[in-house]
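The data block below is structure-v6.txt; it holds compact mmCIF, C-alpha atoms.
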# COMPACT_ATOMS: atom_id res chain seq x y z
CA MET A 1 0.00 0.00 0.00
CA TYR A 2 2.76 2.38 1.01
CA ALA A 3 4.89 1.37 -1.96
CA SER A 4 2.03 1.85 -4.41
CA THR A 5 1.31 5.24 -2.88
CA ARG A 6 4.92 6.26 -3.35
CA LEU A 7 4.78 5.13 -6.97
CA ALA A 8 1.62 7.12 -7.54
CA VAL A 9 3.17 10.21 -5.97
CA ALA A 10 6.35 9.75 -8.03
CA ALA A 11 4.30 9.37 -11.19
CA GLY A 12 2.39 12.50 -10.34
CA LEU A 13 5.62 14.43 -9.73
CA LEU A 14 7.10 13.15 -12.99
CA SER A 15 3.98 14.16 -14.86
CA GLY A 16 4.12 17.58 -13.26
CA LEU A 17 7.79 17.99 -14.11
CA ILE A 18 7.14 17.02 -17.73
CA ALA A 19 4.28 19.51 -17.93
CA LEU A 20 6.42 22.21 -16.30
CA SER A 21 9.32 21.44 -18.65
CA SER A 22 6.98 21.69 -21.63
CA THR A 23 5.58 24.99 -20.39
CA THR A 24 9.06 26.38 -19.77
CA ALA A 25 10.26 25.34 -23.23
CA THR A 26 7.22 26.95 -24.79
CA ALA A 27 7.77 30.13 -22.82
CA ALA A 28 11.43 30.22 -23.87
CA THR A 29 10.52 30.03 -27.54
CA PRO A 30 8.22 32.96 -28.35
CA ALA A 31 6.10 32.85 -31.47
CA PRO A 32 7.42 34.60 -34.58
CA HIS A 33 6.76 38.33 -34.37
CA THR A 34 7.81 41.66 -35.86
CA ASP A 35 9.21 44.62 -33.93
CA ARG A 36 9.70 48.14 -35.19
CA ILE A 37 13.17 49.21 -34.08
CA THR A 38 13.32 52.76 -35.47
CA GLU A 39 11.74 54.17 -32.33
CA SER A 40 13.02 56.11 -29.35
CA ALA A 41 13.97 54.25 -26.17
CA ALA A 42 10.56 55.24 -24.81
CA GLY A 43 8.79 53.63 -27.78
CA GLU A 44 7.94 56.83 -29.63
CA GLN A 45 7.68 56.16 -33.37
CA GLY A 46 10.08 58.07 -35.60
CA ASP A 47 8.87 61.37 -37.02
CA SER A 48 10.63 60.85 -40.37
CA TYR A 49 12.04 58.20 -42.67
CA SER A 50 14.31 55.37 -41.46
CA TYR A 51 16.27 52.68 -43.31
CA GLY A 52 17.90 49.41 -42.26
CA PRO A 53 18.83 47.55 -40.13
CA GLU A 54 22.08 45.57 -40.12
CA PHE A 55 22.83 43.31 -37.13
CA SER A 56 25.77 42.35 -34.95
CA ALA A 57 26.62 38.62 -35.04
CA ASP A 58 24.41 37.66 -32.10
CA GLY A 59 21.54 39.85 -33.32
CA ARG A 60 21.63 42.01 -30.20
CA PHE A 61 22.62 45.31 -31.82
CA ALA A 62 20.81 46.75 -34.84
CA VAL A 63 22.24 49.71 -36.75
CA PHE A 64 20.15 51.88 -39.07
CA SER A 65 19.93 55.29 -40.73
CA SER A 66 17.15 57.75 -40.00
CA GLN A 67 16.02 61.29 -40.70
CA ALA A 68 13.91 61.24 -37.54
CA THR A 69 14.64 63.94 -34.98
CA ASN A 70 12.99 62.32 -31.96
CA LEU A 71 14.95 59.07 -31.52
CA VAL A 72 17.55 60.54 -29.16
CA PRO A 73 17.70 63.80 -27.18
CA GLY A 74 19.53 66.73 -28.75
CA ASP A 75 19.08 65.73 -32.39
CA THR A 76 18.81 69.18 -33.95
CA ASN A 77 20.86 68.92 -37.15
CA GLY A 78 17.85 68.08 -39.35
CA LEU A 79 19.91 65.50 -41.25
CA THR A 80 20.03 61.73 -41.78
CA ASP A 81 21.96 60.17 -38.90
CA VAL A 82 23.13 56.68 -37.91
CA PHE A 83 21.75 54.95 -34.81
CA VAL A 84 22.35 51.73 -32.88
CA ARG A 85 19.54 50.04 -30.98
CA ASP A 86 20.27 47.52 -28.26
CA LEU A 87 17.46 45.02 -28.82
CA ARG A 88 17.99 43.53 -25.37
CA LYS A 89 17.86 46.78 -23.38
CA GLY A 90 15.83 48.91 -25.80
CA THR A 91 18.33 51.78 -25.71
CA VAL A 92 19.11 53.93 -28.76
CA GLU A 93 22.31 55.88 -29.43
CA ARG A 94 23.44 58.09 -32.29
CA VAL A 95 26.89 57.10 -33.57
CA ASN A 96 27.71 59.42 -36.48
CA VAL A 97 29.20 61.90 -34.07
CA SER A 98 32.69 63.28 -33.54
CA THR A 99 34.99 61.95 -30.84
CA GLY A 100 33.87 64.88 -28.74
CA GLY A 101 30.20 64.06 -29.33
CA ALA A 102 29.36 66.80 -31.84
CA GLN A 103 26.49 65.95 -34.17
CA ALA A 104 27.31 65.72 -37.87
CA ASP A 105 26.89 68.77 -40.09
CA GLY A 106 26.28 66.61 -43.19
CA GLU A 107 24.16 63.65 -44.28
CA SER A 108 25.28 60.21 -43.06
CA SER A 109 24.36 56.64 -43.97
CA VAL A 110 25.09 53.35 -42.23
CA SER A 111 27.28 50.74 -43.94
CA ASP A 112 28.01 47.98 -41.42
CA ILE A 113 28.44 46.91 -37.79
CA SER A 114 31.14 44.66 -36.33
CA ARG A 115 30.57 41.16 -34.98
CA ASP A 116 30.47 42.31 -31.34
CA GLY A 117 28.63 45.57 -32.05
CA ARG A 118 31.61 47.67 -30.99
CA TYR A 119 32.40 49.30 -34.34
CA VAL A 120 30.00 51.01 -36.73
CA LEU A 121 31.04 51.80 -40.29
CA PHE A 122 29.25 54.66 -42.03
CA THR A 123 29.65 57.16 -44.84
CA SER A 124 29.08 60.85 -44.34
CA GLN A 125 29.25 64.24 -46.01
CA ALA A 126 30.00 65.84 -42.63
CA ARG A 127 33.11 67.99 -42.28
CA ASN A 128 33.16 68.32 -38.49
CA LEU A 129 33.56 64.70 -37.37
CA VAL A 130 37.36 64.75 -37.61
CA HIS A 131 40.07 67.32 -38.30
CA TRP A 132 40.65 67.98 -42.01
CA ASP A 133 44.00 69.22 -43.29
CA THR A 134 42.38 69.89 -46.66
CA PRO A 135 38.62 70.27 -46.14
CA PRO A 136 36.42 69.98 -49.25
CA PRO A 137 34.84 73.14 -50.60
CA ALA A 138 31.57 74.05 -48.92
CA GLU A 139 29.64 73.42 -52.13
CA GLU A 140 31.14 69.93 -52.64
CA TRP A 141 28.85 67.45 -50.89
CA VAL A 142 30.69 64.16 -51.22
CA ASP A 143 30.96 61.19 -48.87
CA ASP A 144 33.85 59.65 -46.98
CA VAL A 145 34.15 56.54 -44.80
CA TYR A 146 34.14 56.74 -41.01
CA LEU A 147 34.46 54.19 -38.22
CA HIS A 148 32.95 54.86 -34.80
CA ASP A 149 34.12 52.92 -31.76
CA ARG A 150 31.16 52.60 -29.38
CA ARG A 151 33.42 51.48 -26.55
CA THR A 152 35.79 54.45 -26.58
CA GLY A 153 33.52 56.98 -28.29
CA THR A 154 36.14 57.80 -30.92
CA THR A 155 35.41 58.43 -34.60
CA GLU A 156 38.05 58.21 -37.34
CA ARG A 157 38.03 58.87 -41.08
CA LEU A 158 39.27 55.89 -43.09
CA SER A 159 39.19 57.19 -46.68
CA PHE A 160 42.05 59.50 -47.60
CA GLY A 161 42.71 60.88 -51.05
CA ILE A 162 45.62 62.77 -52.53
CA ASP A 163 46.84 65.36 -50.01
CA GLY A 164 44.20 64.15 -47.56
CA ARG A 165 41.30 65.10 -49.82
CA SER A 166 37.80 63.64 -49.85
CA VAL A 167 37.54 60.62 -52.16
CA ASP A 168 33.79 60.76 -52.94
CA VAL A 169 32.81 57.31 -51.61
CA GLY A 170 29.95 55.38 -53.19
CA GLY A 171 29.60 52.56 -50.64
CA ALA A 172 31.48 50.68 -47.91
CA ALA A 173 31.50 47.35 -46.04
CA MET A 174 33.80 45.58 -43.58
CA SER A 175 34.82 42.25 -42.10
CA ALA A 176 33.28 41.27 -38.76
CA ASP A 177 36.39 42.25 -36.79
CA ALA A 178 36.62 45.61 -38.59
CA ARG A 179 40.08 44.78 -39.93
CA TYR A 180 39.23 44.94 -43.63
CA ILE A 181 37.33 47.97 -44.92
CA ALA A 182 36.22 47.96 -48.56
CA PHE A 183 34.89 51.08 -50.27
CA THR A 184 34.38 52.55 -53.71
CA ALA A 185 35.95 55.90 -54.55
CA ARG A 186 37.14 57.98 -57.50
CA PRO A 187 40.68 57.11 -58.70
CA ASN A 188 41.38 60.73 -59.64
CA ARG A 189 41.08 61.51 -55.93
CA MET A 190 42.84 58.36 -54.66
CA GLU A 191 45.76 57.95 -57.09
CA ALA A 192 48.03 60.68 -58.39
CA ASP A 193 48.60 58.96 -61.75
CA ASP A 194 44.99 58.06 -62.55
CA PRO A 195 42.70 60.72 -64.07
CA ASN A 196 39.70 58.36 -64.15
CA GLY A 197 36.58 59.71 -62.44
CA TYR A 198 34.58 56.45 -62.40
CA ARG A 199 34.41 54.87 -58.95
CA MET A 200 36.70 51.91 -58.34
CA LEU A 201 36.94 49.48 -55.43
CA TYR A 202 39.62 49.84 -52.75
CA LEU A 203 40.50 47.70 -49.75
CA LEU A 204 41.98 49.02 -46.49
CA ASP A 205 43.74 46.68 -44.06
CA ARG A 206 43.50 48.45 -40.69
CA THR A 207 46.15 46.16 -39.21
CA THR A 208 48.86 47.09 -41.71
CA GLY A 209 47.45 50.46 -42.75
CA THR A 210 47.76 49.58 -46.45
CA VAL A 211 45.21 50.45 -49.12
CA LYS A 212 45.05 48.54 -52.41
CA ARG A 213 42.93 48.88 -55.52
CA VAL A 214 40.77 45.83 -56.26
CA SER A 215 38.91 46.90 -59.42
CA ASP A 216 40.26 45.80 -62.80
CA ARG A 217 42.54 48.48 -64.23
CA ALA A 218 41.99 47.14 -67.75
CA ARG A 219 38.44 48.52 -67.69
CA PRO A 220 38.82 52.14 -66.54
CA ASP A 221 35.38 53.14 -67.84
CA TRP A 222 33.59 50.39 -65.85
CA THR A 223 32.40 51.74 -62.51
CA SER A 224 32.38 49.51 -59.41
CA VAL A 225 29.57 48.71 -56.97
CA LEU A 226 30.42 47.00 -53.66
CA TYR A 227 28.00 44.46 -52.20
CA ASP A 228 29.55 42.56 -49.30
CA VAL A 229 32.64 41.51 -47.34
CA SER A 230 32.59 38.10 -45.67
CA GLU A 231 32.65 38.11 -41.87
CA ASP A 232 36.00 36.30 -41.74
CA GLY A 233 37.59 38.75 -44.16
CA SER A 234 38.42 36.11 -46.75
CA ARG A 235 36.37 37.43 -49.69
CA LEU A 236 34.38 40.36 -50.99
CA VAL A 237 31.90 40.62 -53.85
CA TYR A 238 31.41 43.55 -56.19
CA ASN A 239 30.13 44.48 -59.62
CA GLN A 240 32.05 46.25 -62.32
CA LEU A 241 29.64 47.84 -64.77
CA GLN A 242 30.14 49.59 -68.08
CA TYR A 243 28.88 53.09 -67.38
CA ARG A 244 27.37 53.48 -70.83
CA GLY A 245 26.89 50.04 -72.29
CA PRO A 246 25.80 46.47 -71.59
CA GLY A 247 29.02 45.25 -69.97
CA SER A 248 28.74 43.80 -66.45
CA ALA A 249 30.92 41.48 -64.38
CA LEU A 250 30.06 40.23 -60.88
CA TRP A 251 33.27 39.33 -59.08
CA ALA A 252 34.26 37.42 -55.95
CA TYR A 253 37.66 38.64 -54.81
CA ASP A 254 39.88 36.49 -52.58
CA ILE A 255 41.41 38.96 -50.13
CA ARG A 256 44.20 36.66 -48.97
CA GLU A 257 45.24 35.38 -52.39
CA GLY A 258 44.56 38.55 -54.37
CA THR A 259 42.66 36.60 -57.03
CA ARG A 260 39.16 37.02 -58.43
CA GLN A 261 36.55 34.85 -60.11
CA GLN A 262 33.57 35.97 -62.18
CA LEU A 263 30.21 34.79 -60.91
CA ASN A 264 27.85 35.63 -63.80
CA VAL A 265 29.20 32.92 -66.08
CA THR A 266 27.71 29.78 -67.58
CA SER A 267 28.92 26.28 -66.75
CA ASP A 268 31.67 26.53 -69.38
CA GLY A 269 32.84 29.92 -68.09
CA THR A 270 31.15 32.10 -70.71
CA PRO A 271 30.10 35.51 -69.29
CA THR A 272 26.35 36.05 -69.27
CA SER A 273 24.00 38.92 -68.54
CA GLN A 274 24.12 41.16 -65.50
CA ALA A 275 23.97 39.81 -61.93
CA VAL A 276 23.44 42.05 -58.90
CA ASP A 277 22.81 42.23 -55.14
CA ALA A 278 25.37 39.69 -53.96
CA SER A 279 25.60 38.41 -50.36
CA LEU A 280 28.32 36.22 -48.79
CA THR A 281 28.27 33.62 -46.02
CA ALA A 282 30.47 34.25 -42.97
CA ASN A 283 33.28 32.06 -44.31
CA GLY A 284 33.05 33.50 -47.82
CA ARG A 285 32.41 30.13 -49.43
CA PHE A 286 28.85 30.66 -50.69
CA VAL A 287 27.44 33.71 -52.44
CA ALA A 288 23.82 34.50 -53.27
CA PHE A 289 22.93 36.93 -56.06
CA SER A 290 20.07 37.70 -58.43
CA SER A 291 20.09 37.60 -62.21
CA GLY A 292 17.72 37.48 -65.15
CA ALA A 293 20.11 35.28 -67.13
CA ALA A 294 18.49 32.11 -68.50
CA ASP A 295 21.75 30.24 -69.06
CA LEU A 296 23.30 30.10 -65.59
CA VAL A 297 21.61 26.75 -64.93
CA PRO A 298 19.82 24.25 -67.23
CA GLY A 299 16.04 24.44 -67.51
CA ASP A 300 15.63 28.09 -66.57
CA THR A 301 12.58 28.91 -68.68
CA ASN A 302 10.52 31.23 -66.48
CA GLY A 303 11.78 34.36 -68.25
CA THR A 304 12.23 36.36 -65.06
CA THR A 305 14.77 37.19 -62.37
CA ASP A 306 15.86 34.43 -60.01
CA VAL A 307 18.18 34.12 -57.03
CA PHE A 308 21.26 31.92 -57.41
CA VAL A 309 23.59 30.45 -54.82
CA ARG A 310 27.11 29.60 -56.00
CA ASP A 311 29.69 27.51 -54.15
CA LEU A 312 32.95 29.37 -54.66
CA VAL A 313 35.01 26.31 -53.73
CA GLY A 314 33.12 23.46 -55.42
CA GLY A 315 31.74 25.55 -58.27
CA GLU A 316 28.16 24.28 -58.04
CA ILE A 317 25.30 26.72 -58.61
CA ARG A 318 21.63 26.35 -57.75
CA ARG A 319 18.62 28.45 -58.68
CA ILE A 320 16.12 29.75 -56.11
CA SER A 321 12.82 30.54 -57.83
CA HIS A 322 9.86 31.54 -55.67
CA ASN A 323 6.88 30.02 -57.52
CA ALA A 324 5.03 30.17 -60.83
CA GLU A 325 2.65 32.87 -59.55
CA THR A 326 5.40 35.43 -59.04
CA ALA A 327 5.37 38.12 -61.73
CA PHE A 328 8.50 40.09 -61.11
CA GLY A 329 10.85 37.33 -60.11
CA THR A 330 12.89 36.51 -57.07
CA GLN A 331 15.56 39.07 -56.24
CA SER A 332 17.73 41.02 -53.75
CA PRO A 333 18.89 38.02 -51.66
CA GLU A 334 20.59 37.91 -48.28
CA ILE A 335 22.19 34.59 -47.35
CA SER A 336 22.49 33.70 -43.65
CA PRO A 337 26.05 33.70 -42.25
CA ASP A 338 25.90 29.91 -41.81
CA GLY A 339 24.69 29.40 -45.39
CA ARG A 340 21.53 27.47 -44.59
CA TYR A 341 18.94 30.15 -45.33
CA VAL A 342 18.36 32.66 -48.10
CA ALA A 343 15.94 35.55 -47.68
CA TYR A 344 14.73 37.34 -50.80
CA GLU A 345 12.12 39.70 -52.18
CA ALA A 346 9.26 38.51 -54.42
CA THR A 347 5.93 39.93 -55.59
CA PRO A 348 2.99 37.59 -54.98
CA ARG A 349 -0.34 37.49 -56.77
CA ASN A 350 -3.38 38.59 -54.79
CA ARG A 351 -5.59 35.48 -54.79
CA GLU A 352 -8.82 37.48 -54.42
CA THR A 353 -8.26 40.02 -57.20
CA GLY A 354 -5.89 38.07 -59.42
CA TYR A 355 -3.59 41.10 -59.64
CA PHE A 356 0.00 41.14 -58.53
CA GLY A 357 0.46 42.95 -55.26
CA VAL A 358 3.50 44.54 -53.63
CA GLY A 359 6.91 43.07 -52.88
CA ASN A 360 7.16 40.85 -49.81
CA VAL A 361 10.09 39.01 -48.24
CA TYR A 362 10.41 35.23 -47.97
CA LEU A 363 12.87 32.79 -46.41
CA ARG A 364 14.08 29.60 -48.12
CA ASP A 365 15.63 26.79 -46.11
CA LEU A 366 18.32 25.48 -48.45
CA ARG A 367 18.47 22.17 -46.60
CA THR A 368 14.77 21.29 -46.64
CA GLY A 369 13.58 23.48 -49.51
CA SER A 370 10.76 24.93 -47.40
CA ILE A 371 9.63 28.53 -47.89
CA ARG A 372 8.07 30.77 -45.27
CA LEU A 373 6.67 34.27 -45.42
CA VAL A 374 8.81 36.76 -43.48
CA THR A 375 6.66 39.85 -43.93
CA GLU A 376 3.52 38.57 -42.28
CA SER A 377 1.00 41.35 -41.72
CA VAL A 378 -0.71 41.97 -38.39
CA THR A 379 -3.84 40.29 -39.76
CA GLY A 380 -1.94 37.36 -41.28
CA GLY A 381 -0.86 36.84 -44.88
CA THR A 382 1.25 39.15 -47.02
CA VAL A 383 1.63 42.90 -46.69
CA GLU A 384 -0.55 44.62 -49.27
CA ASP A 385 -0.10 48.39 -48.86
CA GLU A 386 3.63 49.09 -49.38
CA ALA A 387 6.55 47.00 -50.65
CA VAL A 388 9.10 45.74 -48.14
CA THR A 389 12.87 45.98 -48.65
CA LEU A 390 15.16 43.26 -47.33
CA TYR A 391 18.32 44.42 -45.54
CA SER A 392 19.87 41.60 -43.53
CA ILE A 393 19.58 38.17 -41.92
CA THR A 394 21.23 36.71 -38.82
CA ARG A 395 22.88 33.33 -38.32
CA GLY A 396 20.44 30.43 -38.39
CA GLY A 397 17.76 32.62 -39.97
CA LYS A 398 16.62 33.73 -36.52
CA ALA A 399 15.99 37.36 -37.42
CA VAL A 400 15.54 39.34 -40.63
CA GLY A 401 16.06 43.08 -41.03
CA LEU A 402 13.44 44.94 -43.08
CA SER A 403 12.46 48.44 -44.11
CA SER A 404 9.07 49.59 -45.36
CA GLY A 405 6.46 52.31 -45.39
CA SER A 406 3.83 49.64 -44.73
CA ALA A 407 1.48 50.22 -41.81
CA GLN A 408 0.63 46.50 -41.69
CA LEU A 409 3.78 45.01 -40.16
CA VAL A 410 3.19 46.11 -36.55
CA PRO A 411 0.12 47.39 -34.68
CA ASP A 412 -0.48 51.13 -34.34
CA ASP A 413 1.95 52.18 -37.07
CA THR A 414 0.59 55.65 -37.75
CA ASN A 415 3.59 57.80 -38.63
CA GLY A 416 3.13 57.36 -42.39
CA VAL A 417 6.85 57.03 -43.15
CA THR A 418 9.35 54.28 -43.87
CA ASP A 419 10.50 52.45 -40.74
CA GLY A 420 13.01 49.74 -39.91
CA PHE A 421 11.81 46.39 -38.57
CA VAL A 422 13.17 43.10 -37.31
CA ARG A 423 11.22 39.89 -37.87
CA HIS A 424 11.99 37.34 -35.19
CA LEU A 425 11.45 33.90 -36.73
CA ARG A 426 12.71 31.67 -33.91
Written as structure tokens, how would this file's structure read?
Amino acid sequence: MYASTRLAVAAGLLSGLIALSSTTATAATPAPHTDRITESAAGEQGDSYSYGPEFSADGRFAVFSSQATNLVPGDTNGLTDVFVRDLRKGTVERVNVSTGGAQADGESSVSDISRDGRYVLFTSQARNLVHWDTPPPAEEWVDDVYLHDRRTGTTERLSFGIDGRSVDVGGAAMSADARYIAFTARPNRMEADDPNGYRMLYLLDRTTGTVKRVSDRARPDWTSVLYDVSEDGSRLVYNQLQYRGPGSALWAYDIREGTRQQLNVTSDGTPTSQAVDASLTANGRFVAFSSGAADLVPGDTNGTTDVFVRDLVGGEIRRISHNAETAFGTQSPEISPDGRYVAYEATPRNRETGYFGVGNVYLRDLRTGSIRLVTESVTGGTVEDEAVTLYSITRGGKAVGLSSGSAQLVPDDTNGVTDGFVRHLR
């Protein structure tokens, strides 16, 4: 009798523990949801347009650009600034400031954030963030590259032209440890013996202090567009485009070896039509990009843009097409740092009206082939009022960075401007 009672009690305790464990596991794994991050620390929605975000490696810090004046106290410059939001604490700080804390006197735009969230890379037209030996003329509004250290509060300019001049930067990106900084600039400002005014790609090694030109010198009239630098600093991807003409070459550049390989080529190495919007995995092995070329893989007969994932070591390439109901293709991919997931933009057909709606964002699991909607509206289903732009994705596909003027992504979105969002998927 006593033994059976003890067994019954033990069974009851075990059942309770299992139930408690199940409840705890459920509580620890919140349902997928979307947060607007371009708000003040008090939750006040931005009073002007915001763009981004990019994430630190663990997804804790989100960096974005915004014209809003009410995200932090003392924002009186009336310009686009760069902000970092701590998604754990909810704090917001402005980082495109001088070492002394002065707000920028020119427009700024975010480029990247380091793995640990310490460094923020941005471009700016400001002239008061650092000392200039040769300041640009007041009427010359051109960008340069800056790096802000959130730990020490210091800001430094990284792009230096002839005699310390501005180099008119077009874009920038960096490795996760902030050692390698890639940026596009005008050779006639960077190199004394090059009169070319088309932007070319340069690479700064902050450890050695050296700057080298990456863009092909044999094509001086082909301007360069930078897309990404791998987290480990092994590769970068960029486009070199004929400014007036059909020429286009998407390149993966091996930073350590100094070699490059063209990505928009057929299986026999023949260059094909333009490919854009490239994204690298953390180790630089896989790259995702979009292209309308029909000859990158066999059987591509849909006549629209698709996303492709190429293995830079093995050479294999696979096509990521959304579905037959997509009118304007699958484009603008971001591949997760671990290479398992690819997020992309696609325009779905409205099932009720039969018309094609606005661009939404989806996530493809490259291992299972499953597709899930990222931009789920507050009422369920796709967003229908404004297109959504994809910015970033974290390791394991846990979070996706978005930007949109849609009022359907979060409740009570009434500011009527573009905001930055993070979609938590797991």
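Checking A:Met190, A:Ala68, A:Leu296, A:Val229 one by one against Thr418 (chain A), counting only C-alpha atoms, you find the shortest gap at A:Ala68.
For the set A:Ala182, A:Leu147, A:Ala41, A:Val130, the residue with the smallest atom-to-atom gap to Leu87 (chain A) is A:Ala41, counting all atoms listed in the file.
Those DNA, RNA and protein residues that approach the point (41.5, 68.9, -37.6) to within 12 Å, considering only C-alpha atoms, are Ser98, Thr99, Arg127, Asn128, Leu129, Val130, His131, Trp132, Asp133, Thr134, Pro135, Glu156, Arg157 and Gly164 of chain A.
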- Message: Need the shell around Thr76 (chain A): protein/DNA/RNA residues with any atom at most 12 Å away, counting only C-alpha atoms. Skip same-chain ones fewer than 5 positions apart. Format as number ranges by chain?
- Response: A: 67-71, 81, 102-105
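The environment of Asn283 (chain A) within 9 Å, counting all atoms listed in the file and disregarding residues fewer than 4 places along the same chain, consists of Ser230, Glu231, Asp232, Gly233, Ser234, Arg235, Pro337 and Asp338 of chain A.
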Practice task
For Val169 (chain A), work out the shell of residues within 12 Å, counting all atoms listed in the file and skipping chain neighbours fewer than 4 positions away, then give it as a PyMOL selection string.
Solution key: chain A and resi 108-109+111+122-125+141-146+157-161+165+173+182-187+189-190+197-202+224-226
note - CA of Asn360 (chain A) and CA of Ala387 (chain A) are separated by 6.2 Å
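Between Thr34 (chain A) and the candidates A:Glu376, A:Asp86, A:Asp58, A:Asp254, the tightest atom-to-atom separation, counting all atoms listed in the file, involves A:Glu376.
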One residue among A:Val214, A:Ala275, A:Arg219, A:Arg115 is nearest to Arg260 (chain A) when using all atoms listed in the file, and that residue is A:Val214
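What separates CA of Asp205 (chain A) from CA of Arg179 (chain A) is a distance of 5.8 Å.
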